[in-house]
$ cat coords_8.cif   # mmCIF, C-alpha atoms and all ligand atoms
data_upload
loop_
_atom_site.label_atom_id
_atom_site.label_comp_id
_atom_site.auth_asym_id
_atom_site.auth_seq_id
_atom_site.Cartn_x
_atom_site.Cartn_y
_atom_site.Cartn_z
CA SER A 1047 0.00 0.00 0.00
CA ASP A 1048 1.08 3.63 -0.44
CA GLN A 1049 1.23 4.65 3.22
CA PRO A 1050 4.30 6.69 4.21
CA ARG A 1051 7.45 4.91 5.36
CA LEU A 1052 10.45 6.53 7.03
CA ALA A 1053 14.01 5.44 6.21
CA PHE A 1054 16.35 4.18 8.93
CA HIS A 1055 20.06 4.94 8.72
CA ASP A 1056 20.71 1.17 8.33
CA GLY A 1057 18.91 0.90 4.95
CA HIS A 1058 15.60 -0.50 6.26
CA ALA A 1059 12.38 1.53 6.56
CA ILE A 1060 9.36 1.66 8.91
CA PRO A 1061 5.70 2.39 8.10
CA GLN A 1062 5.12 5.74 9.80
CA VAL A 1063 1.80 4.78 11.41
CA GLY A 1064 1.59 1.55 13.41
CA LEU A 1065 -0.76 -0.10 15.87
CA GLY A 1066 0.19 -0.05 19.57
CA VAL A 1067 -1.01 -3.01 21.61
CA TRP A 1068 -0.15 -2.17 25.23
CA LYS A 1069 -3.11 -3.38 27.36
CA THR A 1070 -4.54 -5.43 24.49
CA ALA A 1071 -5.20 -8.82 26.09
CA ASN A 1072 -3.43 -11.85 24.64
CA ASP A 1073 -6.74 -13.57 23.90
CA GLU A 1074 -8.12 -10.60 21.98
CA ALA A 1075 -4.87 -9.66 20.22
CA ALA A 1076 -5.26 -11.96 17.20
CA ALA A 1077 -8.63 -10.46 16.28
CA VAL A 1078 -7.36 -6.91 16.84
CA ILE A 1079 -4.30 -7.52 14.64
CA ARG A 1080 -6.44 -9.09 11.89
CA THR A 1081 -8.76 -6.08 11.93
CA ALA A 1082 -5.82 -3.67 11.77
CA ILE A 1083 -4.14 -5.51 8.89
CA ASP A 1084 -7.44 -5.67 6.98
CA THR A 1085 -7.71 -1.90 7.52
CA GLY A 1086 -4.26 -1.36 5.99
CA TYR A 1087 -1.87 -1.26 8.97
CA ARG A 1088 1.46 -2.95 8.24
CA HIS A 1089 3.28 -2.10 11.48
CA ILE A 1090 2.61 -3.56 14.95
CA ASP A 1091 4.25 -2.40 18.20
CA THR A 1092 4.29 -4.96 21.02
CA ALA A 1093 6.64 -5.89 23.89
CA ALA A 1094 7.44 -8.92 26.00
CA ALA A 1095 5.99 -6.96 28.94
CA TYR A 1096 2.59 -6.63 27.23
CA ASP A 1097 1.99 -10.38 27.62
CA ASN A 1098 0.39 -10.60 24.18
CA GLU A 1099 3.16 -11.72 21.83
CA GLU A 1100 1.41 -15.05 21.19
CA GLY A 1101 -1.84 -13.38 20.17
CA VAL A 1102 0.02 -10.84 18.04
CA GLY A 1103 1.90 -13.59 16.19
CA GLU A 1104 -1.32 -15.53 15.72
CA GLY A 1105 -3.06 -12.48 14.26
CA ILE A 1106 -0.24 -11.89 11.77
CA ARG A 1107 -0.46 -15.51 10.59
CA GLN A 1108 -4.27 -15.37 10.40
CA SER A 1109 -4.08 -12.25 8.20
CA GLY A 1110 -2.73 -14.45 5.43
CA LEU A 1111 -0.14 -11.85 4.43
CA PRO A 1112 3.45 -12.96 3.94
CA ARG A 1113 5.49 -12.25 7.07
CA ASP A 1114 7.72 -9.82 5.19
CA GLU A 1115 4.80 -7.48 4.46
CA ILE A 1116 4.38 -6.77 8.18
CA PHE A 1117 6.77 -4.62 10.22
CA LEU A 1118 6.92 -6.16 13.69
CA THR A 1119 8.47 -4.52 16.75
CA THR A 1120 8.94 -6.10 20.16
CA LYS A 1121 10.91 -5.02 23.22
CA LEU A 1122 13.23 -6.51 25.82
CA TRP A 1123 11.91 -6.14 29.37
CA ASN A 1124 14.06 -4.58 32.11
CA THR A 1125 14.47 -7.71 34.21
CA GLU A 1126 16.08 -9.47 31.21
CA GLN A 1127 18.87 -6.94 30.67
CA GLY A 1128 22.47 -8.22 30.44
CA TYR A 1129 24.22 -10.04 27.57
CA ASP A 1130 23.22 -13.68 28.18
CA GLN A 1131 19.80 -12.82 29.58
CA THR A 1132 19.02 -10.77 26.48
CA LEU A 1133 19.90 -13.62 24.11
CA LYS A 1134 17.59 -15.91 26.10
CA ALA A 1135 14.75 -13.40 26.35
CA PHE A 1136 14.94 -12.72 22.61
CA ASP A 1137 14.63 -16.46 21.84
CA ALA A 1138 11.57 -16.61 24.09
CA SER A 1139 9.96 -13.61 22.35
CA LEU A 1140 10.52 -15.12 18.89
CA LYS A 1141 9.03 -18.38 20.09
CA ARG A 1142 5.93 -16.67 21.46
CA LEU A 1143 5.57 -14.61 18.28
CA GLY A 1144 6.01 -17.73 16.16
CA THR A 1145 8.40 -16.04 13.74
CA ASP A 1146 12.10 -16.32 12.95
CA TYR A 1147 12.93 -12.61 12.98
CA VAL A 1148 11.65 -9.23 14.14
CA ASP A 1149 11.94 -6.05 12.13
CA LEU A 1150 12.83 -3.98 15.18
CA TYR A 1151 13.92 -4.94 18.70
CA LEU A 1152 14.01 -2.24 21.38
CA ILE A 1153 15.57 -2.01 24.83
CA HIS A 1154 12.32 -1.08 26.60
CA TRP A 1155 13.88 1.22 29.26
CA PRO A 1156 17.50 2.14 29.97
CA ALA A 1157 17.09 1.24 33.67
CA PRO A 1158 20.34 3.15 34.38
CA SER A 1159 20.58 1.97 38.00
CA LYS A 1160 21.09 -1.61 36.77
CA GLY A 1161 24.13 -0.56 34.73
CA LEU A 1162 23.37 -3.19 32.08
CA PHE A 1163 22.17 -1.37 29.00
CA VAL A 1164 25.56 -1.41 27.24
CA ASP A 1165 25.92 -5.21 27.67
CA THR A 1166 22.32 -5.54 26.51
CA TRP A 1167 23.10 -3.44 23.43
CA ARG A 1168 26.07 -5.72 22.59
CA ALA A 1169 23.66 -8.69 22.56
CA PHE A 1170 21.30 -6.75 20.25
CA ILE A 1171 24.21 -6.19 17.84
CA LYS A 1172 25.04 -9.91 17.84
CA LEU A 1173 21.40 -10.84 17.14
CA GLN A 1174 21.34 -8.35 14.28
CA GLN A 1175 24.53 -9.87 12.84
CA GLU A 1176 22.79 -13.27 12.97
CA GLY A 1177 19.90 -11.86 10.92
CA ARG A 1178 17.28 -12.39 13.62
CA ILE A 1179 16.77 -8.64 14.21
CA ARG A 1180 16.58 -6.46 11.09
CA SER A 1181 17.06 -3.16 12.96
CA VAL A 1182 18.18 -2.37 16.49
CA GLY A 1183 16.68 0.42 18.56
CA VAL A 1184 15.90 1.67 22.04
CA SER A 1185 13.07 3.18 24.02
CA ASN A 1186 12.99 5.76 26.79
CA PHE A 1187 16.70 6.60 26.37
CA TYR A 1188 17.96 10.06 27.31
CA PRO A 1189 20.71 11.58 25.14
CA GLU A 1190 23.33 10.58 27.72
CA HIS A 1191 22.27 6.91 27.42
CA LEU A 1192 22.37 7.13 23.63
CA GLU A 1193 25.82 8.71 23.75
CA LYS A 1194 27.07 5.91 25.96
CA ILE A 1195 25.96 2.99 23.76
CA ILE A 1196 27.22 4.74 20.62
CA ALA A 1197 30.59 5.52 22.20
CA GLU A 1198 31.07 1.99 23.56
CA THR A 1199 29.93 -0.01 20.51
CA GLY A 1200 30.00 2.30 17.49
CA VAL A 1201 26.44 1.21 16.68
CA THR A 1202 23.76 3.92 16.65
CA PRO A 1203 20.15 2.86 17.27
CA VAL A 1204 17.83 3.48 14.30
CA ILE A 1205 15.05 4.80 16.53
CA ASN A 1206 14.23 5.92 20.08
CA GLN A 1207 10.62 5.35 21.16
CA ILE A 1208 9.71 7.94 23.81
CA GLU A 1209 6.64 9.46 25.41
CA LEU A 1210 5.54 12.24 23.06
CA HIS A 1211 2.22 14.01 22.46
CA PRO A 1212 1.23 17.59 21.55
CA ASP A 1213 1.38 18.70 25.19
CA PHE A 1214 4.72 16.92 25.81
CA GLN A 1215 6.80 17.46 22.71
CA GLN A 1216 10.34 16.43 23.71
CA LYS A 1217 12.03 19.02 21.53
CA GLN A 1218 15.51 18.57 23.02
CA ALA A 1219 15.39 14.82 22.54
CA ARG A 1220 14.17 15.23 18.95
CA ASP A 1221 17.01 17.65 18.14
CA PHE A 1222 19.56 15.21 19.54
CA HIS A 1223 18.06 12.31 17.58
CA GLN A 1224 18.05 14.29 14.35
CA ALA A 1225 21.72 15.19 14.79
CA HIS A 1226 22.48 11.44 15.06
CA LYS A 1227 20.13 10.22 12.27
CA ILE A 1228 17.96 8.48 14.90
CA LEU A 1229 14.20 8.52 14.19
CA THR A 1230 11.85 9.53 17.00
CA GLU A 1231 8.81 7.33 17.70
CA SER A 1232 5.94 8.69 19.81
CA TRP A 1233 4.47 6.51 22.54
CA SER A 1234 1.13 7.44 24.09
CA PRO A 1235 0.74 9.69 21.01
CA LEU A 1236 -2.87 10.50 21.96
CA GLY A 1237 -1.92 11.23 25.56
CA GLN A 1238 -3.55 7.90 26.44
CA GLY A 1239 -6.83 9.25 25.08
CA LYS A 1240 -6.98 12.28 27.37
CA LEU A 1241 -5.82 14.85 24.78
CA MET A 1242 -9.01 14.30 22.81
CA GLN A 1243 -10.73 16.51 25.41
CA ASP A 1244 -8.50 19.50 24.60
CA ALA A 1245 -10.61 22.45 23.40
CA ALA A 1246 -8.05 23.72 20.86
CA ILE A 1247 -7.71 20.27 19.31
CA GLN A 1248 -11.47 19.80 19.23
CA SER A 1249 -11.97 23.12 17.49
CA ILE A 1250 -9.40 22.33 14.76
CA ALA A 1251 -11.04 18.91 14.28
CA ARG A 1252 -14.53 20.41 13.96
CA ARG A 1253 -13.37 22.94 11.38
CA LEU A 1254 -11.64 20.24 9.28
CA GLY A 1255 -14.48 17.72 9.61
CA ARG A 1256 -12.02 15.31 11.26
CA THR A 1257 -11.81 13.76 14.74
CA PRO A 1258 -9.47 14.96 17.50
CA ALA A 1259 -7.54 11.66 17.27
CA GLN A 1260 -6.99 12.19 13.54
CA VAL A 1261 -5.76 15.75 14.09
CA ILE A 1262 -3.28 14.59 16.74
CA ILE A 1263 -2.00 11.72 14.57
CA ARG A 1264 -1.56 14.16 11.65
CA TRP A 1265 0.52 16.42 13.95
CA HIS A 1266 2.89 13.49 14.62
CA ILE A 1267 3.07 12.60 10.92
CA GLU A 1268 3.84 16.15 9.81
CA ASN A 1269 6.56 16.38 12.46
CA GLY A 1270 8.30 13.35 10.92
CA LEU A 1271 7.57 11.16 13.93
CA VAL A 1272 6.69 7.45 13.86
CA VAL A 1273 3.32 7.14 15.60
CA ILE A 1274 1.64 4.08 17.18
CA PRO A 1275 -1.86 4.91 18.46
CA LYS A 1276 -3.51 2.13 20.45
CA SER A 1277 -7.06 0.89 20.14
CA SER A 1278 -8.82 -2.46 20.26
CA ASN A 1279 -12.02 -1.00 18.82
CA PRO A 1280 -12.45 -1.66 15.05
CA ALA A 1281 -14.05 1.73 14.34
CA ARG A 1282 -11.26 3.59 16.14
CA ILE A 1283 -8.59 1.38 14.55
CA ALA A 1284 -9.97 2.47 11.16
CA GLU A 1285 -10.34 6.12 12.22
CA ASN A 1286 -6.73 6.29 13.44
CA PHE A 1287 -5.46 4.99 10.07
CA ASP A 1288 -7.66 7.26 7.94
CA VAL A 1289 -5.15 10.09 8.21
CA PHE A 1290 -3.48 10.23 4.78
CA GLY A 1291 -6.15 12.29 2.98
CA PHE A 1292 -5.73 15.66 4.68
CA GLU A 1293 -3.09 18.04 6.01
CA LEU A 1294 -2.82 20.57 8.81
CA SER A 1295 -2.15 24.19 7.88
CA THR A 1296 0.88 26.06 9.20
CA GLU A 1297 -1.48 27.92 11.55
CA ASP A 1298 -3.01 24.72 12.93
CA MET A 1299 0.45 23.17 13.38
CA ALA A 1300 1.53 26.32 15.24
CA ALA A 1301 -1.54 26.16 17.49
CA LEU A 1302 -0.74 22.53 18.36
CA ASP A 1303 2.94 23.37 18.91
CA GLY A 1304 1.73 25.93 21.46
CA LEU A 1305 0.29 23.19 23.69
CA ASP A 1306 3.77 22.01 24.79
CA SER A 1307 4.19 21.81 28.56
CA PRO A 1308 7.21 20.31 30.32
CA SER A 1309 5.05 19.01 33.17
CA ALA A 1310 2.64 17.02 30.97
CA ARG A 1311 4.55 13.73 31.18
CA MET A 1312 2.08 10.90 31.85
CA GLY A 1313 4.38 7.91 32.21
CA ALA A 1314 7.47 7.28 34.32
CA ASP A 1315 10.63 9.35 34.00
CA PRO A 1316 13.15 6.92 32.46
CA MET A 1317 15.94 8.24 34.67
CA THR A 1318 14.21 7.15 37.87
CA ALA A 1319 11.66 4.52 36.76
CA SER A 1320 11.82 1.82 39.40
CA PHE A 1321 10.60 -1.16 37.37
P1 LIG B 1 -2.46 6.24 23.20
O1 LIG B 1 -1.96 7.61 23.37
O2 LIG B 1 -2.29 5.55 21.90
O3 LIG B 1 -4.01 6.26 23.62
C1 LIG B 1 -4.77 5.08 23.55
C2 LIG B 1 -6.12 5.31 24.15
O4 LIG B 1 -6.77 6.40 23.50
C3 LIG B 1 -7.05 4.12 23.92
O5 LIG B 1 -6.93 3.19 24.96
C4 LIG B 1 -8.43 4.77 23.88
O6 LIG B 1 -8.87 4.94 25.18
C5 LIG B 1 -8.13 6.09 23.28
N1 LIG B 1 -8.35 6.15 21.82
C6 LIG B 1 -7.62 5.57 20.83
N2 LIG B 1 -8.10 5.90 19.62
C7 LIG B 1 -9.15 6.71 19.84
C8 LIG B 1 -10.05 7.39 18.99
N3 LIG B 1 -9.93 7.31 17.67
N4 LIG B 1 -11.04 8.14 19.56
C9 LIG B 1 -11.15 8.25 20.90
N5 LIG B 1 -10.31 7.63 21.76
C10 LIG B 1 -9.33 6.88 21.24
O7 LIG B 1 -1.87 5.39 24.42
P2 LIG B 1 -0.89 4.18 24.67
O8 LIG B 1 -1.53 2.89 24.44
O9 LIG B 1 -0.31 4.43 26.00
O10 LIG B 1 0.30 4.37 23.61
C11 LIG B 1 0.28 3.78 22.33
C12 LIG B 1 1.31 2.67 22.22
O11 LIG B 1 2.60 3.14 22.55
C13 LIG B 1 1.10 1.52 23.21
O12 LIG B 1 0.01 0.69 22.86
C14 LIG B 1 2.44 0.86 23.13
O13 LIG B 1 2.54 0.08 21.94
C15 LIG B 1 3.36 2.06 23.09
N6 LIG B 1 3.89 2.43 24.41
C16 LIG B 1 5.21 2.25 24.67
C17 LIG B 1 5.76 2.59 25.89
C18 LIG B 1 7.23 2.42 26.12
O14 LIG B 1 7.68 2.52 27.26
N7 LIG B 1 8.01 2.15 25.09
C19 LIG B 1 4.94 3.12 26.90
C20 LIG B 1 3.58 3.31 26.64
C21 LIG B 1 3.07 2.98 25.39
#

$ encode --input "coords_8.cif" --output "structure tokens"
Amino acid sequence: SDQPRLAFHDGHAIPQVGLGVWKTANDEAAAVIRTAIDTGYRHIDTAAAYDNEEGVGEGIRQSGLPRDEIFLTTKLWNTEQGYDQTLKAFDASLKRLGTDYVDLYLIHWPAPSKGLFVDTWRAFIKLQQEGRIRSVGVSNFYPEHLEKIIAETGVTPVINQIELHPDFQQKQARDFHQAHKILTESWSPLGQGKLMQDAAIQSIARRLGRTPAQVIIRWHIENGLVVIPKSSNPARIAENFDVFGFELSTEDMAALDGLDSPSARMGADPMTASF
């Protein structure tokens, strides 16, 4: 399909809009994934910690599409960091997913107090050399964590998946990523659903005959961000993907840019997250 894809510095590419499946139950995941793929999604974002890799893998197989038409991301959980642990945890993820490779594997959190993310990154590089991970990336890394893995291994992640929504825009992180050819991927792109209540966003949506979710997703797209809205509801899954037929004006983009607030973080701060 002709949906936008963004190029990684390693030669691969990622469909810009994907489906997030945090909190999608394992026993509903296959149906959700089938619906999304029927709708046109070609990119799924899961994690070992979401406890739904089996259902996700099942849904991809049930779609009937060849495996290589789907871009599949999963993530290594914090308790599995370290070189040997990572190799084992990756095998277990592949087994649950029922596939022999992932397109993108992410270190879920840096967990700096463990002091293991560099060893973990070395295991990612080995798995990529073996062809079982197409592209290697990270999540929730601060620039100082990125600098450390790059300095110690010479391998730059293709992407950093971080909390990012119109009221929490992460401009410093995005500037750092851009300078290092790292893509930025927005998690909780809809502010976990709460941003849909914002009056400014609602008024733009009304004027354009679009929904607040579609306006927010467009803001991510036009900022060059990879975006993975979550829903298990077929109508919303379709709505969140019906975002390629309109654009936001410079004025509307500026109004959304004005919503940025440093205190609007919803999730944990990666520097101090205690899980
Ligand atoms: P989100 O911002 O995507 O919001 C999802 C919620 O918004 C839904 O549960 C629903 O309540 C609502 N919603 C979705 N579509 C809607 C629509 N069209 N109209 C009205 N309401 C709608 O939140 P999220 O799930 O936290 O984030 C998306 C994905 O990001 C996750 O599923 C996961 O894949 C990823 N994620 C990653 C991390 C990380 O640490 N790497 C952390 C959180 C989330």

$ axis_aligned_box --input "coords_8.cif" --around "ligand LIG 1 (chain B)" --padding-each-side "8 Å" --output "JSON"
{"center_x": -1.6, "center_y": 4.2, "center_z": 22.5, "size_x": 35.2, "size_y": 24.2, "size_z": 25.6}

$ residues_around --input "coords_8.cif" --residues "stretch 1276-1288 of chain A" --least-positions-apart "6" --cutoff "9 Å" --atoms "all atoms listed in the file" --output "ChimeraX atom specification"
/A:1063-1070,1074-1075,1077-1079,1081-1082,1085-1087,1234-1236,1238,1257,1259-1260,1263

$ residues_around --input "coords_8.cif" --residues "A:Phe1214" --least-positions-apart "3" --cutoff "7 Å" --atoms "all atoms listed in the file" --output "ChimeraX atom specification"
/A:1210-1211,1306-1308,1310-1311

$ closest_residue --input "coords_8.cif" --among "A:Phe1222, A:Phe1292, A:Phe1117, A:Tyr1129" --to "A:Asp1149" --atoms "only C-alpha atoms"
A:Phe1117

$ closest_residue --input "coords_8.cif" --among "A:Met1242, A:Leu1118, A:Ala1319, A:Val1204" --to "ligand LIG 1 (chain B)" --atoms "only C-alpha atoms and all ligand atoms"
A:Met1242

$ atom_distance --input "coords_8.cif" --atom1 "atom CA of A:His1226" --atom2 "atom CA of A:Ile1060"
17.5 Å

$ decode --input "coords_8.cif" --residues "stretch 1138-1248 of chain A" --atoms "C-alpha atoms" --output "PDB file, in the first residue's frame"
ATOM      1  CA  ALA A1138      11.568 -16.607  24.095  1.00  0.00           C
ATOM      2  CA  SER A1139       9.964 -13.609  22.352  1.00  0.00           C
ATOM      3  CA  LEU A1140      10.523 -15.121  18.892  1.00  0.00           C
ATOM      4  CA  LYS A1141       9.031 -18.382  20.090  1.00  0.00           C
ATOM      5  CA  ARG A1142       5.926 -16.669  21.462  1.00  0.00           C
ATOM      6  CA  LEU A1143       5.570 -14.612  18.284  1.00  0.00           C
ATOM      7  CA  GLY A1144       6.009 -17.725  16.155  1.00  0.00           C
ATOM      8  CA  THR A1145       8.396 -16.038  13.742  1.00  0.00           C
ATOM      9  CA  ASP A1146      12.102 -16.321  12.951  1.00  0.00           C
ATOM     10  CA  TYR A1147      12.932 -12.605  12.976  1.00  0.00           C
ATOM     11  CA  VAL A1148      11.652  -9.226  14.145  1.00  0.00           C
ATOM     12  CA  ASP A1149      11.944  -6.046  12.129  1.00  0.00           C
ATOM     13  CA  LEU A1150      12.833  -3.978  15.179  1.00  0.00           C
ATOM     14  CA  TYR A1151      13.919  -4.943  18.702  1.00  0.00           C
ATOM     15  CA  LEU A1152      14.007  -2.237  21.377  1.00  0.00           C
ATOM     16  CA  ILE A1153      15.574  -2.013  24.828  1.00  0.00           C
ATOM     17  CA  HIS A1154      12.320  -1.082  26.601  1.00  0.00           C
ATOM     18  CA  TRP A1155      13.883   1.216  29.257  1.00  0.00           C
ATOM     19  CA  PRO A1156      17.495   2.142  29.967  1.00  0.00           C
ATOM     20  CA  ALA A1157      17.094   1.242  33.666  1.00  0.00           C
ATOM     21  CA  PRO A1158      20.340   3.148  34.379  1.00  0.00           C
ATOM     22  CA  SER A1159      20.581   1.973  37.996  1.00  0.00           C
ATOM     23  CA  LYS A1160      21.086  -1.611  36.771  1.00  0.00           C
ATOM     24  CA  GLY A1161      24.131  -0.558  34.735  1.00  0.00           C
ATOM     25  CA  LEU A1162      23.371  -3.195  32.078  1.00  0.00           C
ATOM     26  CA  PHE A1163      22.169  -1.374  29.000  1.00  0.00           C
ATOM     27  CA  VAL A1164      25.564  -1.412  27.237  1.00  0.00           C
ATOM     28  CA  ASP A1165      25.923  -5.210  27.670  1.00  0.00           C
ATOM     29  CA  THR A1166      22.317  -5.537  26.506  1.00  0.00           C
ATOM     30  CA  TRP A1167      23.102  -3.437  23.435  1.00  0.00           C
ATOM     31  CA  ARG A1168      26.066  -5.722  22.589  1.00  0.00           C
ATOM     32  CA  ALA A1169      23.658  -8.687  22.561  1.00  0.00           C
ATOM     33  CA  PHE A1170      21.304  -6.753  20.250  1.00  0.00           C
ATOM     34  CA  ILE A1171      24.213  -6.187  17.838  1.00  0.00           C
ATOM     35  CA  LYS A1172      25.045  -9.907  17.837  1.00  0.00           C
ATOM     36  CA  LEU A1173      21.396 -10.838  17.141  1.00  0.00           C
ATOM     37  CA  GLN A1174      21.338  -8.352  14.281  1.00  0.00           C
ATOM     38  CA  GLN A1175      24.530  -9.872  12.844  1.00  0.00           C
ATOM     39  CA  GLU A1176      22.789 -13.274  12.974  1.00  0.00           C
ATOM     40  CA  GLY A1177      19.903 -11.863  10.924  1.00  0.00           C
ATOM     41  CA  ARG A1178      17.283 -12.391  13.616  1.00  0.00           C
ATOM     42  CA  ILE A1179      16.770  -8.645  14.212  1.00  0.00           C
ATOM     43  CA  ARG A1180      16.576  -6.463  11.091  1.00  0.00           C
ATOM     44  CA  SER A1181      17.056  -3.165  12.955  1.00  0.00           C
ATOM     45  CA  VAL A1182      18.178  -2.370  16.488  1.00  0.00           C
ATOM     46  CA  GLY A1183      16.683   0.421  18.558  1.00  0.00           C
ATOM     47  CA  VAL A1184      15.900   1.674  22.036  1.00  0.00           C
ATOM     48  CA  SER A1185      13.073   3.183  24.019  1.00  0.00           C
ATOM     49  CA  ASN A1186      12.992   5.764  26.790  1.00  0.00           C
ATOM     50  CA  PHE A1187      16.700   6.595  26.369  1.00  0.00           C
ATOM     51  CA  TYR A1188      17.964  10.059  27.315  1.00  0.00           C
ATOM     52  CA  PRO A1189      20.711  11.583  25.141  1.00  0.00           C
ATOM     53  CA  GLU A1190      23.333  10.583  27.724  1.00  0.00           C
ATOM     54  CA  HIS A1191      22.274   6.912  27.419  1.00  0.00           C
ATOM     55  CA  LEU A1192      22.368   7.131  23.630  1.00  0.00           C
ATOM     56  CA  GLU A1193      25.820   8.712  23.745  1.00  0.00           C
ATOM     57  CA  LYS A1194      27.073   5.909  25.964  1.00  0.00           C
ATOM     58  CA  ILE A1195      25.964   2.986  23.763  1.00  0.00           C
ATOM     59  CA  ILE A1196      27.217   4.739  20.625  1.00  0.00           C
ATOM     60  CA  ALA A1197      30.589   5.518  22.200  1.00  0.00           C
ATOM     61  CA  GLU A1198      31.072   1.992  23.561  1.00  0.00           C
ATOM     62  CA  THR A1199      29.925  -0.007  20.513  1.00  0.00           C
ATOM     63  CA  GLY A1200      30.004   2.304  17.489  1.00  0.00           C
ATOM     64  CA  VAL A1201      26.439   1.212  16.678  1.00  0.00           C
ATOM     65  CA  THR A1202      23.760   3.923  16.647  1.00  0.00           C
ATOM     66  CA  PRO A1203      20.146   2.856  17.268  1.00  0.00           C
ATOM     67  CA  VAL A1204      17.830   3.481  14.300  1.00  0.00           C
ATOM     68  CA  ILE A1205      15.048   4.804  16.526  1.00  0.00           C
ATOM     69  CA  ASN A1206      14.228   5.917  20.079  1.00  0.00           C
ATOM     70  CA  GLN A1207      10.620   5.346  21.160  1.00  0.00           C
ATOM     71  CA  ILE A1208       9.714   7.939  23.814  1.00  0.00           C
ATOM     72  CA  GLU A1209       6.642   9.455  25.407  1.00  0.00           C
ATOM     73  CA  LEU A1210       5.540  12.244  23.057  1.00  0.00           C
ATOM     74  CA  HIS A1211       2.219  14.011  22.462  1.00  0.00           C
ATOM     75  CA  PRO A1212       1.231  17.592  21.550  1.00  0.00           C
ATOM     76  CA  ASP A1213       1.376  18.703  25.187  1.00  0.00           C
ATOM     77  CA  PHE A1214       4.723  16.925  25.815  1.00  0.00           C
ATOM     78  CA  GLN A1215       6.804  17.464  22.714  1.00  0.00           C
ATOM     79  CA  GLN A1216      10.339  16.431  23.712  1.00  0.00           C
ATOM     80  CA  LYS A1217      12.034  19.021  21.530  1.00  0.00           C
ATOM     81  CA  GLN A1218      15.510  18.573  23.020  1.00  0.00           C
ATOM     82  CA  ALA A1219      15.393  14.816  22.540  1.00  0.00           C
ATOM     83  CA  ARG A1220      14.171  15.230  18.953  1.00  0.00           C
ATOM     84  CA  ASP A1221      17.007  17.645  18.143  1.00  0.00           C
ATOM     85  CA  PHE A1222      19.557  15.205  19.545  1.00  0.00           C
ATOM     86  CA  HIS A1223      18.057  12.313  17.579  1.00  0.00           C
ATOM     87  CA  GLN A1224      18.055  14.290  14.349  1.00  0.00           C
ATOM     88  CA  ALA A1225      21.716  15.187  14.786  1.00  0.00           C
ATOM     89  CA  HIS A1226      22.483  11.443  15.063  1.00  0.00           C
ATOM     90  CA  LYS A1227      20.131  10.220  12.275  1.00  0.00           C
ATOM     91  CA  ILE A1228      17.957   8.482  14.898  1.00  0.00           C
ATOM     92  CA  LEU A1229      14.198   8.518  14.189  1.00  0.00           C
ATOM     93  CA  THR A1230      11.851   9.529  16.998  1.00  0.00           C
ATOM     94  CA  GLU A1231       8.808   7.325  17.701  1.00  0.00           C
ATOM     95  CA  SER A1232       5.945   8.694  19.813  1.00  0.00           C
ATOM     96  CA  TRP A1233       4.471   6.513  22.539  1.00  0.00           C
ATOM     97  CA  SER A1234       1.131   7.440  24.089  1.00  0.00           C
ATOM     98  CA  PRO A1235       0.736   9.687  21.006  1.00  0.00           C
ATOM     99  CA  LEU A1236      -2.874  10.504  21.964  1.00  0.00           C
ATOM    100  CA  GLY A1237      -1.919  11.234  25.565  1.00  0.00           C
ATOM    101  CA  GLN A1238      -3.553   7.898  26.439  1.00  0.00           C
ATOM    102  CA  GLY A1239      -6.834   9.250  25.078  1.00  0.00           C
ATOM    103  CA  LYS A1240      -6.979  12.278  27.366  1.00  0.00           C
ATOM    104  CA  LEU A1241      -5.825  14.849  24.784  1.00  0.00           C
ATOM    105  CA  MET A1242      -9.009  14.298  22.807  1.00  0.00           C
ATOM    106  CA  GLN A1243     -10.733  16.513  25.414  1.00  0.00           C
ATOM    107  CA  ASP A1244      -8.500  19.503  24.604  1.00  0.00           C
ATOM    108  CA  ALA A1245     -10.608  22.450  23.397  1.00  0.00           C
ATOM    109  CA  ALA A1246      -8.053  23.725  20.861  1.00  0.00           C
ATOM    110  CA  ILE A1247      -7.706  20.272  19.305  1.00  0.00           C
ATOM    111  CA  GLN A1248     -11.472  19.805  19.235  1.00  0.00           C
TER     112      GLN A1248
END
